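For reference, entry.pdb (PDB, C-alpha atoms):
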ATOM      1  CA  MET R 177       0.000   0.000   0.000
ATOM      2  CA  LEU R 178       1.279   3.436  -0.962
ATOM      3  CA  GLU R 179       2.177   5.735   1.916
ATOM      4  CA  TYR R 180       0.873   9.301   2.089
ATOM      5  CA  LYS R 181       4.506  10.394   2.382
ATOM      6  CA  GLN R 182       5.263   9.223  -1.171
ATOM      7  CA  VAL R 183       2.267  11.098  -2.552
ATOM      8  CA  ILE R 184       3.211  14.295  -0.745
ATOM      9  CA  ILE R 185       6.802  13.999  -1.982
ATOM     10  CA  GLY R 186       5.471  13.580  -5.530
ATOM     11  CA  ILE R 187       3.398  16.750  -5.278
ATOM     12  CA  ILE R 188       6.231  18.802  -3.790
ATOM     13  CA  MET R 189       8.833  17.470  -6.222
ATOM     14  CA  SER R 190       6.839  18.210  -9.381
ATOM     15  CA  PHE R 191       5.807  21.600  -7.980
ATOM     16  CA  ILE R 192       9.437  22.609  -7.376
ATOM     17  CA  ILE R 193      10.580  21.300 -10.760
ATOM     18  CA  THR R 194       7.862  23.312 -12.498
ATOM     19  CA  LEU R 195       8.834  26.450 -10.570
ATOM     20  CA  ILE R 196      12.453  25.993 -11.647
ATOM     21  CA  LEU R 197      11.659  25.170 -15.278
ATOM     22  CA  GLY R 198       9.412  28.213 -15.773
ATOM     23  CA  PRO R 199      12.165  30.883 -15.689
ATOM     24  CA  LEU R 200      14.293  28.670 -17.954
ATOM     25  CA  ILE R 201      11.735  27.716 -20.603
ATOM     26  CA  ILE R 202       9.555  30.852 -20.764
ATOM     27  CA  PRO R 203      12.443  33.111 -21.950
ATOM     28  CA  LEU R 204      13.384  30.402 -24.472
ATOM     29  CA  LEU R 205       9.848  30.410 -25.867
ATOM     30  CA  LYS R 206      10.065  34.197 -26.150
ATOM     31  CA  ARG R 207      13.384  34.022 -28.016
ATOM     32  CA  LEU R 208      11.897  31.475 -30.405
ATOM     33  CA  ASN R 209       8.984  33.867 -30.963
ATOM     34  CA  ILE R 210       6.463  31.236 -29.870
ATOM     35  CA  GLY R 211       3.696  33.656 -28.954
ATOM     36  CA  GLN R 212      -0.074  33.289 -28.719
ATOM     37  CA  SER R 213      -2.290  34.874 -31.374
ATOM     38  CA  ILE R 214      -5.511  36.361 -30.020
ATOM     39  CA  ARG R 215      -8.763  36.225 -31.986
ATOM     40  CA  ALA R 216     -10.001  39.708 -32.929
ATOM     41  CA  GLU R 217     -13.614  38.657 -32.284
ATOM     42  CA  GLY R 218     -12.795  37.622 -28.714
ATOM     43  CA  PRO R 219     -13.100  39.808 -25.597
ATOM     44  CA  GLN R 220     -11.239  43.080 -26.146
ATOM     45  CA  SER R 221      -9.456  42.684 -22.808
ATOM     46  CA  HIS R 222      -7.629  39.684 -24.274
ATOM     47  CA  LEU R 223      -5.905  41.631 -27.046
ATOM     48  CA  SER R 224      -3.138  42.623 -24.628
ATOM     49  CA  LYS R 225      -2.297  38.914 -24.261
ATOM     50  CA  SER R 226      -1.124  38.701 -27.872
ATOM     51  CA  GLY R 227       2.473  37.502 -28.057
ATOM     52  CA  THR R 228       2.436  35.823 -24.637
ATOM     53  CA  PRO R 229       4.563  32.651 -24.905
ATOM     54  CA  THR R 230       2.543  29.488 -25.471
ATOM     55  CA  MET R 231       3.237  25.727 -25.610
ATOM     56  CA  GLY R 232       4.016  25.991 -21.877
ATOM     57  CA  GLY R 233       2.494  22.561 -21.378
ATOM     58  CA  ILE R 234       6.038  21.353 -22.015
ATOM     59  CA  ILE R 235       6.924  22.618 -18.531
ATOM     60  CA  ILE R 236       4.160  20.551 -16.915
ATOM     61  CA  PHE R 237       5.063  17.345 -18.695
ATOM     62  CA  ILE R 238       8.810  17.532 -18.098
ATOM     63  CA  ALA R 239       8.078  17.871 -14.373
ATOM     64  CA  LEU R 240       5.611  14.982 -14.556
ATOM     65  CA  LEU R 241       8.089  12.721 -16.318
ATOM     66  CA  ILE R 242      10.951  13.420 -13.895
ATOM     67  CA  THR R 243       8.730  12.927 -10.838
ATOM     68  CA  VAL R 244       7.107   9.720 -12.092
ATOM     69  CA  PHE R 245      10.388   8.058 -13.032
ATOM     70  CA  SER R 246      11.896   9.107  -9.705
ATOM     71  CA  SER R 247       9.031   7.503  -7.787
ATOM     72  CA  GLY R 248       9.997   3.917  -8.595
ATOM     73  CA  VAL R 249       6.297   3.077  -9.062
ATOM     74  CA  LEU R 250       6.494   1.962 -12.683
ATOM     75  CA  ASN R 251       4.117  -0.647 -14.089
ATOM     76  CA  LYS R 252       1.874  -1.161 -17.117
ATOM     77  CA  ASP R 253      -0.796   1.187 -15.786
ATOM     78  CA  MET R 254       1.763   3.962 -15.315
ATOM     79  CA  TYR R 255       3.070   3.545 -18.842
ATOM     80  CA  VAL R 256      -0.475   3.651 -20.220
ATOM     81  CA  LEU R 257      -1.158   6.857 -18.271
ATOM     82  CA  LEU R 258       2.003   8.370 -19.741
ATOM     83  CA  LEU R 259       1.078   7.126 -23.226
ATOM     84  CA  SER R 260      -2.316   8.818 -23.080
ATOM     85  CA  THR R 261      -0.881  12.052 -21.667
ATOM     86  CA  PHE R 262       2.019  12.341 -24.069
ATOM     87  CA  GLY R 263       0.081  10.886 -27.015
ATOM     88  CA  PHE R 264      -2.576  13.581 -26.830
ATOM     89  CA  GLY R 265       0.052  16.136 -25.801
ATOM     90  CA  LEU R 266       1.991  15.329 -28.991
ATOM     91  CA  ILE R 267      -1.101  15.938 -31.124
ATOM     92  CA  GLY R 268      -1.504  19.309 -29.393
ATOM     93  CA  PHE R 269       2.202  20.057 -29.786
ATOM     94  CA  ILE R 270       2.089  19.450 -33.543
ATOM     95  CA  ASP R 271      -0.981  21.671 -33.818
ATOM     96  CA  ASP R 272       0.712  24.422 -31.789
ATOM     97  CA  TYR R 273       3.916  24.077 -33.814
ATOM     98  CA  LEU R 274       2.128  24.444 -37.144
ATOM     99  CA  ILE R 275       0.119  27.471 -35.977
ATOM    100  CA  VAL R 276       2.692  29.325 -33.904
ATOM    101  CA  VAL R 277       6.019  28.402 -35.490
ATOM    102  CA  LYS R 278       5.069  27.605 -39.076
ATOM    103  CA  LYS R 279       2.413  30.355 -39.084
ATOM    104  CA  ASP R 280      -0.192  27.989 -40.505
ATOM    105  CA  ASN R 281      -3.410  29.477 -39.110
ATOM    106  CA  LEU R 282      -5.309  26.207 -39.541
ATOM    107  CA  GLY R 283      -2.775  23.935 -37.847
ATOM    108  CA  LEU R 284      -3.655  20.259 -38.048
ATOM    109  CA  LYS R 285      -6.671  19.524 -40.210
ATOM    110  CA  PRO R 286      -9.707  18.290 -38.247
ATOM    111  CA  TYR R 287      -9.499  14.811 -39.756
ATOM    112  CA  GLN R 288      -5.801  14.586 -38.835
ATOM    113  CA  LYS R 289      -6.581  15.492 -35.221
ATOM    114  CA  ILE R 290      -9.426  13.026 -34.942
ATOM    115  CA  ILE R 291      -7.411  10.166 -36.462
ATOM    116  CA  GLY R 292      -4.609  10.737 -33.935
ATOM    117  CA  GLN R 293      -7.079  11.015 -31.068
ATOM    118  CA  VAL R 294      -8.967   7.879 -32.085
ATOM    119  CA  ILE R 295      -5.738   5.856 -32.244
ATOM    120  CA  VAL R 296      -4.661   6.815 -28.711
ATOM    121  CA  ALA R 297      -8.207   6.454 -27.323
ATOM    122  CA  VAL R 298      -8.712   2.991 -28.805
ATOM    123  CA  ILE R 299      -5.356   1.811 -27.428
ATOM    124  CA  LEU R 300      -6.398   3.010 -23.960
ATOM    125  CA  ALA R 301      -9.864   1.423 -24.183
ATOM    126  CA  THR R 302      -8.537  -1.876 -25.509
ATOM    127  CA  TYR R 303      -5.869  -2.078 -22.799
ATOM    128  CA  GLN R 304      -8.380  -1.506 -20.019
ATOM    129  CA  SER R 305     -10.950  -3.976 -21.373
ATOM    130  CA  ASN R 306      -8.258  -6.668 -21.497
ATOM    131  CA  THR R 307      -6.616  -6.013 -18.123
ATOM    132  CA  SER R 308      -9.321  -4.722 -15.769
ATOM    133  CA  VAL R 309     -10.847  -7.164 -13.295
ATOM    134  CA  LEU R 310     -14.185  -5.622 -14.278
ATOM    135  CA  GLY R 311     -13.621  -6.345 -17.949
ATOM    136  CA  THR R 312     -16.114  -4.267 -19.919
ATOM    137  CA  GLN R 313     -17.985  -3.087 -16.823
ATOM    138  CA  VAL R 314     -17.846   0.456 -15.464
ATOM    139  CA  ILE R 315     -18.800   1.741 -12.016
ATOM    140  CA  ILE R 316     -22.129   3.560 -11.750
ATOM    141  CA  PRO R 317     -21.841   6.637  -9.471
ATOM    142  CA  PHE R 318     -24.309   6.924  -6.556
ATOM    143  CA  LEU R 319     -25.219   3.213  -6.796
ATOM    144  CA  GLU R 320     -23.112   1.122  -4.411
ATOM    145  CA  ASN R 321     -21.590  -1.994  -5.984
ATOM    146  CA  GLN R 322     -23.552  -1.464  -9.193
ATOM    147  CA  TYR R 323     -21.893  -1.793 -12.585
ATOM    148  CA  LEU R 324     -22.842  -1.175 -16.189
ATOM    149  CA  ASP R 325     -21.604  -3.861 -18.570
ATOM    150  CA  LEU R 326     -21.004  -2.241 -21.952
ATOM    151  CA  GLY R 327     -19.973  -5.458 -23.673
ATOM    152  CA  VAL R 328     -19.038  -4.936 -27.332
ATOM    153  CA  LEU R 329     -19.826  -1.230 -26.957
ATOM    154  CA  TYR R 330     -17.069  -0.776 -24.386
ATOM    155  CA  VAL R 331     -14.241   0.240 -26.727
ATOM    156  CA  PRO R 332     -16.275   2.722 -28.845
ATOM    157  CA  PHE R 333     -17.909   4.184 -25.735
ATOM    158  CA  ILE R 334     -14.606   4.634 -23.899
ATOM    159  CA  ALA R 335     -12.974   6.084 -27.021
ATOM    160  CA  PHE R 336     -15.851   8.588 -27.253
ATOM    161  CA  VAL R 337     -15.442   9.542 -23.570
ATOM    162  CA  VAL R 338     -11.679   9.976 -23.949
ATOM    163  CA  ILE R 339     -11.882  12.102 -27.090
ATOM    164  CA  GLY R 340     -14.736  14.148 -25.618
ATOM    165  CA  THR R 341     -12.763  14.790 -22.417
ATOM    166  CA  VAL R 342      -9.598  15.800 -24.269
ATOM    167  CA  ASN R 343     -11.404  18.305 -26.458
ATOM    168  CA  SER R 344     -13.470  19.631 -23.548
ATOM    169  CA  VAL R 345     -10.329  20.408 -21.540
ATOM    170  CA  ASN R 346      -8.942  22.061 -24.662
ATOM    171  CA  LEU R 347     -12.017  24.318 -24.857
ATOM    172  CA  THR R 348     -11.726  25.151 -21.150
ATOM    173  CA  ASP R 349      -8.228  26.559 -21.690
ATOM    174  CA  GLY R 350      -9.244  30.116 -22.518
ATOM    175  CA  LEU R 351      -8.514  32.215 -19.437
ATOM    176  CA  ASP R 352      -5.401  32.666 -17.305
ATOM    177  CA  GLY R 353      -5.223  29.784 -14.843
ATOM    178  CA  LEU R 354      -8.618  28.317 -15.738
ATOM    179  CA  ALA R 355      -7.732  24.922 -17.225
ATOM    180  CA  SER R 356      -4.696  24.403 -15.000
ATOM    181  CA  GLY R 357      -6.656  25.261 -11.838
ATOM    182  CA  VAL R 358      -9.740  23.185 -12.675
ATOM    183  CA  THR R 359      -7.538  20.235 -13.642
ATOM    184  CA  LEU R 360      -5.519  20.567 -10.428
ATOM    185  CA  ILE R 361      -8.732  20.142  -8.439
ATOM    186  CA  VAL R 362      -9.940  17.215 -10.568
ATOM    187  CA  LEU R 363      -6.552  15.486 -10.223
ATOM    188  CA  SER R 364      -6.724  15.945  -6.453
ATOM    189  CA  PHE R 365     -10.078  14.143  -6.482
ATOM    190  CA  PHE R 366      -8.668  11.239  -8.486
ATOM    191  CA  GLY R 367      -5.606  11.128  -6.237
ATOM    192  CA  ILE R 368      -7.808  10.664  -3.162
ATOM    193  CA  ILE R 369      -9.989   8.017  -4.831
ATOM    194  CA  SER R 370      -7.039   6.040  -6.202
ATOM    195  CA  MET R 371      -5.329   6.019  -2.795
ATOM    196  CA  ASN R 372      -8.488   4.688  -1.173
ATOM    197  CA  LEU R 373      -8.611   1.940  -3.807
ATOM    198  CA  GLY R 374      -4.924   1.079  -3.383
ATOM    199  CA  MET R 375      -4.089   2.037  -6.985
ATOM    200  CA  ASP R 376      -0.510   3.159  -6.303
ATOM    201  CA  SER R 377       0.533   4.044  -9.850
ATOM    202  CA  ILE R 378      -2.544   6.228 -10.379
ATOM    203  CA  SER R 379      -2.028   7.912  -6.990
ATOM    204  CA  ILE R 380       1.574   8.816  -7.788
ATOM    205  CA  PHE R 381       0.693   9.929 -11.309
ATOM    206  CA  SER R 382      -2.211  12.105 -10.103
ATOM    207  CA  ALA R 383      -0.054  13.630  -7.363
ATOM    208  CA  ALA R 384       2.837  14.373  -9.725
ATOM    209  CA  LEU R 385       0.582  15.979 -12.318
ATOM    210  CA  ALA R 386      -1.356  17.929  -9.662
ATOM    211  CA  GLY R 387       1.916  19.306  -8.292
ATOM    212  CA  ALA R 388       2.998  20.258 -11.809
ATOM    213  CA  CYS R 389      -0.316  22.050 -12.424
ATOM    214  CA  LEU R 390       0.071  23.920  -9.133
ATOM    215  CA  GLY R 391       3.587  24.965 -10.076
ATOM    216  CA  PHE R 392       2.435  25.979 -13.553
ATOM    217  CA  LEU R 393      -0.220  28.204 -11.978
ATOM    218  CA  MET R 394       2.609  30.295 -10.547
ATOM    219  CA  HIS R 395       3.434  31.193 -14.161
ATOM    220  CA  ASN R 396      -0.055  30.910 -15.663
ATOM    221  CA  ALA R 397      -2.280  32.692 -13.120
ATOM    222  CA  TYR R 398      -3.489  36.175 -14.062
ATOM    223  CA  PRO R 399      -1.661  37.946 -15.602
ATOM    224  CA  ALA R 400      -0.191  34.870 -17.312
ATOM    225  CA  LYS R 401       3.479  34.829 -18.226
ATOM    226  CA  VAL R 402       2.900  31.723 -20.346
ATOM    227  CA  PHE R 403       0.000  29.736 -21.803
ATOM    228  CA  MET R 404      -0.099  25.934 -21.888
ATOM    229  CA  GLY R 405      -1.319  25.815 -25.489
ATOM    230  CA  ASP R 406      -2.921  22.766 -27.085
ATOM    231  CA  THR R 407       0.232  20.942 -26.001
ATOM    232  CA  GLY R 408      -0.803  21.310 -22.380
ATOM    233  CA  SER R 409      -4.593  21.254 -22.576
ATOM    234  CA  MET R 410      -4.820  18.159 -24.766
ATOM    235  CA  GLY R 411      -2.163  16.385 -22.712
ATOM    236  CA  LEU R 412      -4.018  17.185 -19.488
ATOM    237  CA  GLY R 413      -7.261  16.004 -21.061
ATOM    238  CA  GLY R 414      -5.575  12.744 -22.010
ATOM    239  CA  ALA R 415      -4.296  12.339 -18.462
ATOM    240  CA  VAL R 416      -7.673  12.971 -16.798
ATOM    241  CA  ALA R 417      -9.439  10.630 -19.209
ATOM    242  CA  ALA R 418      -6.856   7.859 -18.742
ATOM    243  CA  ILE R 419      -7.044   8.083 -14.950
ATOM    244  CA  ALA R 420     -10.843   7.818 -15.006
ATOM    245  CA  ILE R 421     -10.759   4.880 -17.429
ATOM    246  CA  LEU R 422      -8.158   2.924 -15.421
ATOM    247  CA  LEU R 423     -10.271   3.450 -12.297
ATOM    248  CA  ASN R 424     -13.338   2.202 -14.225
ATOM    249  CA  LEU R 425     -14.923   5.603 -13.578
ATOM    250  CA  PRO R 426     -15.679   7.126 -16.989
ATOM    251  CA  LEU R 427     -19.184   8.002 -15.776
ATOM    252  CA  ILE R 428     -17.746  10.248 -13.039
ATOM    253  CA  ILE R 429     -16.111  12.606 -15.565
ATOM    254  CA  PRO R 430     -19.283  14.667 -16.306
ATOM    255  CA  ILE R 431     -19.664  15.146 -12.546
ATOM    256  CA  VAL R 432     -16.188  16.080 -11.307
ATOM    257  CA  GLY R 433     -15.274  17.506 -14.715
ATOM    258  CA  GLY R 434     -18.556  19.393 -14.910
ATOM    259  CA  ILE R 435     -16.782  22.586 -15.980
ATOM    260  CA  TYR R 436     -15.189  20.752 -18.921
ATOM    261  CA  PHE R 437     -18.587  19.314 -19.787
ATOM    262  CA  ILE R 438     -20.503  22.602 -19.681
ATOM    263  CA  GLU R 439     -17.793  24.430 -21.640
ATOM    264  CA  ALA R 440     -18.042  21.884 -24.468
ATOM    265  CA  LEU R 441     -21.833  21.816 -24.264
ATOM    266  CA  SER R 442     -21.992  25.604 -24.575
ATOM    267  CA  VAL R 443     -20.062  25.420 -27.848
ATOM    268  CA  ILE R 444     -22.316  22.668 -29.217
ATOM    269  CA  ILE R 445     -25.471  24.577 -28.243
ATOM    270  CA  GLN R 446     -24.115  27.796 -29.760
ATOM    271  CA  VAL R 447     -23.217  26.156 -33.076
ATOM    272  CA  LEU R 448     -26.491  24.227 -33.412
ATOM    273  CA  SER R 449     -28.620  27.206 -32.390
ATOM    274  CA  PHE R 450     -26.950  29.533 -34.903
ATOM    275  CA  LYS R 451     -27.106  26.911 -37.649
ATOM    276  CA  PHE R 452     -30.801  26.119 -37.273
ATOM    277  CA  THR R 453     -32.257  29.419 -35.964
ATOM    278  CA  GLY R 454     -29.664  32.033 -36.901
ATOM    279  CA  LYS R 455     -29.594  33.111 -33.241
ATOM    280  CA  ARG R 456     -26.953  32.674 -30.538
ATOM    281  CA  VAL R 457     -27.829  31.392 -27.083
ATOM    282  CA  PHE R 458     -24.663  32.788 -25.473
ATOM    283  CA  LEU R 459     -22.975  36.140 -26.008
ATOM    284  CA  MET R 460     -19.900  34.108 -26.909
ATOM    285  CA  SER R 461     -18.787  30.521 -26.446
ATOM    286  CA  PRO R 462     -17.166  28.692 -24.717
ATOM    287  CA  LEU R 463     -19.113  29.629 -21.599
ATOM    288  CA  HIS R 464     -16.268  31.478 -19.841
ATOM    289  CA  HIS R 465     -16.324  34.111 -22.614
ATOM    290  CA  HIS R 466     -20.085  34.544 -22.164
ATOM    291  CA  PHE R 467     -19.545  35.639 -18.582
ATOM    292  CA  GLU R 468     -16.757  37.995 -19.646
ATOM    293  CA  HIS R 469     -19.139  39.641 -22.105
ATOM    294  CA  LYS R 470     -21.657  39.928 -19.242
ATOM    295  CA  GLY R 471     -19.114  42.117 -17.470
ATOM    296  CA  TRP R 472     -17.390  39.630 -15.179
ATOM    297  CA  LYS R 473     -13.675  40.168 -14.725
ATOM    298  CA  GLU R 474     -11.480  37.337 -15.946
ATOM    299  CA  THR R 475     -10.281  36.576 -12.412
ATOM    300  CA  LYS R 476     -13.880  36.321 -11.166
ATOM    301  CA  VAL R 477     -14.804  33.814 -13.878
ATOM    302  CA  VAL R 478     -11.766  31.693 -13.005
ATOM    303  CA  MET R 479     -12.436  31.751  -9.265
ATOM    304  CA  VAL R 480     -16.113  30.851  -9.744
ATOM    305  CA  PHE R 481     -15.247  27.967 -12.067
ATOM    306  CA  TRP R 482     -12.606  26.726  -9.600
ATOM    307  CA  SER R 483     -15.134  26.918  -6.752
ATOM    308  CA  VAL R 484     -17.763  25.019  -8.739
ATOM    309  CA  THR R 485     -15.178  22.317  -9.483
ATOM    310  CA  VAL R 486     -14.388  21.918  -5.771
ATOM    311  CA  ILE R 487     -18.097  21.393  -5.041
ATOM    312  CA  LEU R 488     -18.475  18.963  -7.949
ATOM    313  CA  CYS R 489     -15.489  16.934  -6.719
ATOM    314  CA  LEU R 490     -17.033  16.746  -3.256
ATOM    315  CA  VAL R 491     -20.220  15.494  -4.927
ATOM    316  CA  GLY R 492     -18.039  12.963  -6.752
ATOM    317  CA  ILE R 493     -16.652  11.683  -3.460
ATOM    318  CA  LEU R 494     -20.208  11.263  -2.136
ATOM    319  CA  ALA R 495     -21.134   9.462  -5.360
ATOM    320  CA  LEU R 496     -18.523   6.796  -4.692
ATOM    321  CA  ASN R 497     -19.199   6.248  -0.984
TER     322      ASN R 497
END
Turn this file's structure into structure tokens for me.
Amino acid sequence: MLEYKQVIIGIIMSFIITLILGPLIIPLLKRLNIGQSIRAEGPQSHLSKSGTPTMGGIIIFIALLITVFSSGVLNKDMYVLLLSTFGFGLIGFIDDYLIVVKKDNLGLKPYQKIIGQVIVAVILATYQSNTSVLGTQVIIPFLENQYLDLGVLYVPFIAFVVIGTVNSVNLTDGLDGLASGVTLIVLSFFGIISMNLGMDSISIFSAALAGACLGFLMHNAYPAKVFMGDTGSMGLGGAVAAIAILLNLPLIIPIVGGIYFIEALSVIIQVLSFKFTGKRVFLMSPLHHHFEHKGWKETKVVMVFWSVTVILCLVGILALN
């Protein structure tokens, strides 16, 4: 059984590494002219962010890698967690590279993104269906010792959940500290659950990534010195999805990751509403921009979304007890 001491060390270690890497990598990103482009149709207050270094997710994942390999808790589950994180992170990195470095405004084509995401998601789903003691069953929140057997639908369903989570986290990354803070809270939830279940590799992984997110917030909180880019947001989405899948808890994601869910839903509603009625439901999507247009300060939106995530994670704990 994993000791709390190891988890705490993992958090502190990745936090310190991220703090150290920030002042080293952020100036390098500036020298390479890897700066964020801001959409003209977005909130006017964001125009001042133009040129802020992006692709800062690299900082998070270097810290994660060092901490995980220093922990000594390396098994198949850990390697699968890393595969999902770095697999989706690589897709985001290529997209960032094409847009920011190669000045290709479109980046990866949608079909290229989805092919890469499907490959990683199917690998994750297939691994879990073949190794989990529950097989193709998943835990049903709020119902003690009740499981849903997905059978032949397991792999496509899990792939859908993974891809949906990754892209939802990507959409959430629109304000200083928003995605990193929300994900820090969600990872803390999964760290607690995995420790209670005796899943050592997931506990260490969650702790290391949570510590890295906390350290990254020191550079990414308002006013941000660096953005995580698709590199970071897609990698974090891959990590959250993989943790939930390995814990047989894909159905808990819409609860504890409620902010991810509502951000993605707001975009879907906005697109469908405009397409079929010519009218917009929100002043702007994703949802965080709607509140900005309502007059909320960026820091208020972030704090409210963080607070909601804390409550949702507490609900998640109740749902599993």
Convert the output of the PyMOL selection byres ((chain R and resi 206) around 10) on the shown file into explicit residues, formatted as a PDB file with C-alpha atoms, in the frame of the given file.
ATOM      1  CA  ILE R 201      11.735  27.716 -20.603  1.00  0.00           C
ATOM      2  CA  ILE R 202       9.555  30.852 -20.764  1.00  0.00           C
ATOM      3  CA  PRO R 203      12.443  33.111 -21.950  1.00  0.00           C
ATOM      4  CA  LEU R 204      13.384  30.402 -24.472  1.00  0.00           C
ATOM      5  CA  LEU R 205       9.848  30.410 -25.867  1.00  0.00           C
ATOM      6  CA  ARG R 207      13.384  34.022 -28.016  1.00  0.00           C
ATOM      7  CA  LEU R 208      11.897  31.475 -30.405  1.00  0.00           C
ATOM      8  CA  ASN R 209       8.984  33.867 -30.963  1.00  0.00           C
ATOM      9  CA  ILE R 210       6.463  31.236 -29.870  1.00  0.00           C
ATOM     10  CA  GLY R 211       3.696  33.656 -28.954  1.00  0.00           C
ATOM     11  CA  GLY R 227       2.473  37.502 -28.057  1.00  0.00           C
ATOM     12  CA  THR R 228       2.436  35.823 -24.637  1.00  0.00           C
ATOM     13  CA  PRO R 229       4.563  32.651 -24.905  1.00  0.00           C
ATOM     14  CA  THR R 230       2.543  29.488 -25.471  1.00  0.00           C
ATOM     15  CA  VAL R 402       2.900  31.723 -20.346  1.00  0.00           C
TER      16      VAL R 402
END
- Message: Can you tell me which residues surround Met404 (chain R) at a distance of at most 7 Å, considering all atoms listed in the file, apart from same-chain residues fewer than 5 positions away, and format the answer as a PyMOL selection string?
- Response: chain R and resi 230-233+409
- Task: Determine the residue set returned by the PyMOL selection byres ((chain R and resi 434) around 10) for the present structure, and present it as a PyMOL selection string.
- Result: chain R and resi 358+362+428-433+435-440+481+484-485+488-489
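Distances from R:Val183, R:Leu282, R:Ile192, R:Leu319 to Leu494 (chain R) were compared using all atoms listed in the file, and the smallest one belongs to R:Leu319.
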- Item | Neighbour list for Ile234 (chain R) as a ChimeraX atom specification, cut-off 9 Å, all atoms listed in the file, skip fewer than 5 positions in-chain | /R:201,239,265,269,404,407-408
Can you give me all heavy atoms for region 270-275 of chain R, written as a PDB file, keeping the file's coordinate frame?
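Ended up saving to selection_6.pdb:
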ATOM      1  N   ILE R 270       1.989  19.301 -32.084  1.00  0.00           N
ATOM      2  CA  ILE R 270       2.089  19.450 -33.543  1.00  0.00           C
ATOM      3  C   ILE R 270       1.172  20.565 -34.018  1.00  0.00           C
ATOM      4  O   ILE R 270       1.547  21.386 -34.867  1.00  0.00           O
ATOM      5  CB  ILE R 270       1.736  18.115 -34.245  1.00  0.00           C
ATOM      6  CG1 ILE R 270       2.779  17.048 -33.905  1.00  0.00           C
ATOM      7  CG2 ILE R 270       1.665  18.314 -35.762  1.00  0.00           C
ATOM      8  CD1 ILE R 270       2.404  15.653 -34.391  1.00  0.00           C
ATOM      9  N   ASP R 271      -0.035  20.617 -33.458  1.00  0.00           N
ATOM     10  CA  ASP R 271      -0.981  21.671 -33.818  1.00  0.00           C
ATOM     11  C   ASP R 271      -0.430  23.041 -33.449  1.00  0.00           C
ATOM     12  O   ASP R 271      -0.460  23.986 -34.258  1.00  0.00           O
ATOM     13  CB  ASP R 271      -2.313  21.413 -33.113  1.00  0.00           C
ATOM     14  CG  ASP R 271      -3.454  22.219 -33.719  1.00  0.00           C
ATOM     15  OD1 ASP R 271      -3.530  22.302 -34.960  1.00  0.00           O
ATOM     16  OD2 ASP R 271      -4.271  22.759 -32.955  1.00  0.00           O
ATOM     17  N   ASP R 272       0.100  23.162 -32.227  1.00  0.00           N
ATOM     18  CA  ASP R 272       0.712  24.422 -31.789  1.00  0.00           C
ATOM     19  C   ASP R 272       1.881  24.806 -32.688  1.00  0.00           C
ATOM     20  O   ASP R 272       2.015  25.967 -33.093  1.00  0.00           O
ATOM     21  CB  ASP R 272       1.231  24.290 -30.344  1.00  0.00           C
ATOM     22  CG  ASP R 272       0.135  24.412 -29.306  1.00  0.00           C
ATOM     23  OD1 ASP R 272      -0.913  25.010 -29.607  1.00  0.00           O
ATOM     24  OD2 ASP R 272       0.333  23.902 -28.185  1.00  0.00           O
ATOM     25  N   TYR R 273       2.718  23.827 -33.004  1.00  0.00           N
ATOM     26  CA  TYR R 273       3.916  24.077 -33.814  1.00  0.00           C
ATOM     27  C   TYR R 273       3.543  24.623 -35.195  1.00  0.00           C
ATOM     28  O   TYR R 273       4.145  25.592 -35.670  1.00  0.00           O
ATOM     29  CB  TYR R 273       4.718  22.792 -33.953  1.00  0.00           C
ATOM     30  CG  TYR R 273       5.974  22.940 -34.781  1.00  0.00           C
ATOM     31  CD1 TYR R 273       7.138  23.470 -34.223  1.00  0.00           C
ATOM     32  CD2 TYR R 273       6.000  22.556 -36.128  1.00  0.00           C
ATOM     33  CE1 TYR R 273       8.295  23.624 -34.984  1.00  0.00           C
ATOM     34  CE2 TYR R 273       7.149  22.703 -36.893  1.00  0.00           C
ATOM     35  CZ  TYR R 273       8.288  23.233 -36.314  1.00  0.00           C
ATOM     36  OH  TYR R 273       9.431  23.382 -37.070  1.00  0.00           O
ATOM     37  N   LEU R 274       2.545  24.008 -35.818  1.00  0.00           N
ATOM     38  CA  LEU R 274       2.128  24.444 -37.144  1.00  0.00           C
ATOM     39  C   LEU R 274       1.556  25.860 -37.111  1.00  0.00           C
ATOM     40  O   LEU R 274       1.822  26.675 -38.003  1.00  0.00           O
ATOM     41  CB  LEU R 274       1.093  23.477 -37.724  1.00  0.00           C
ATOM     42  CG  LEU R 274       1.609  22.076 -38.086  1.00  0.00           C
ATOM     43  CD1 LEU R 274       0.445  21.186 -38.517  1.00  0.00           C
ATOM     44  CD2 LEU R 274       2.644  22.172 -39.198  1.00  0.00           C
ATOM     45  N   ILE R 275       0.769  26.153 -36.068  1.00  0.00           N
ATOM     46  CA  ILE R 275       0.119  27.471 -35.977  1.00  0.00           C
ATOM     47  C   ILE R 275       1.096  28.561 -35.560  1.00  0.00           C
ATOM     48  O   ILE R 275       1.173  29.627 -36.185  1.00  0.00           O
ATOM     49  CB  ILE R 275      -1.062  27.419 -34.985  1.00  0.00           C
ATOM     50  CG1 ILE R 275      -2.165  26.504 -35.528  1.00  0.00           C
ATOM     51  CG2 ILE R 275      -1.624  28.822 -34.733  1.00  0.00           C
ATOM     52  CD1 ILE R 275      -3.299  26.248 -34.546  1.00  0.00           C
TER      53      ILE R 275
END
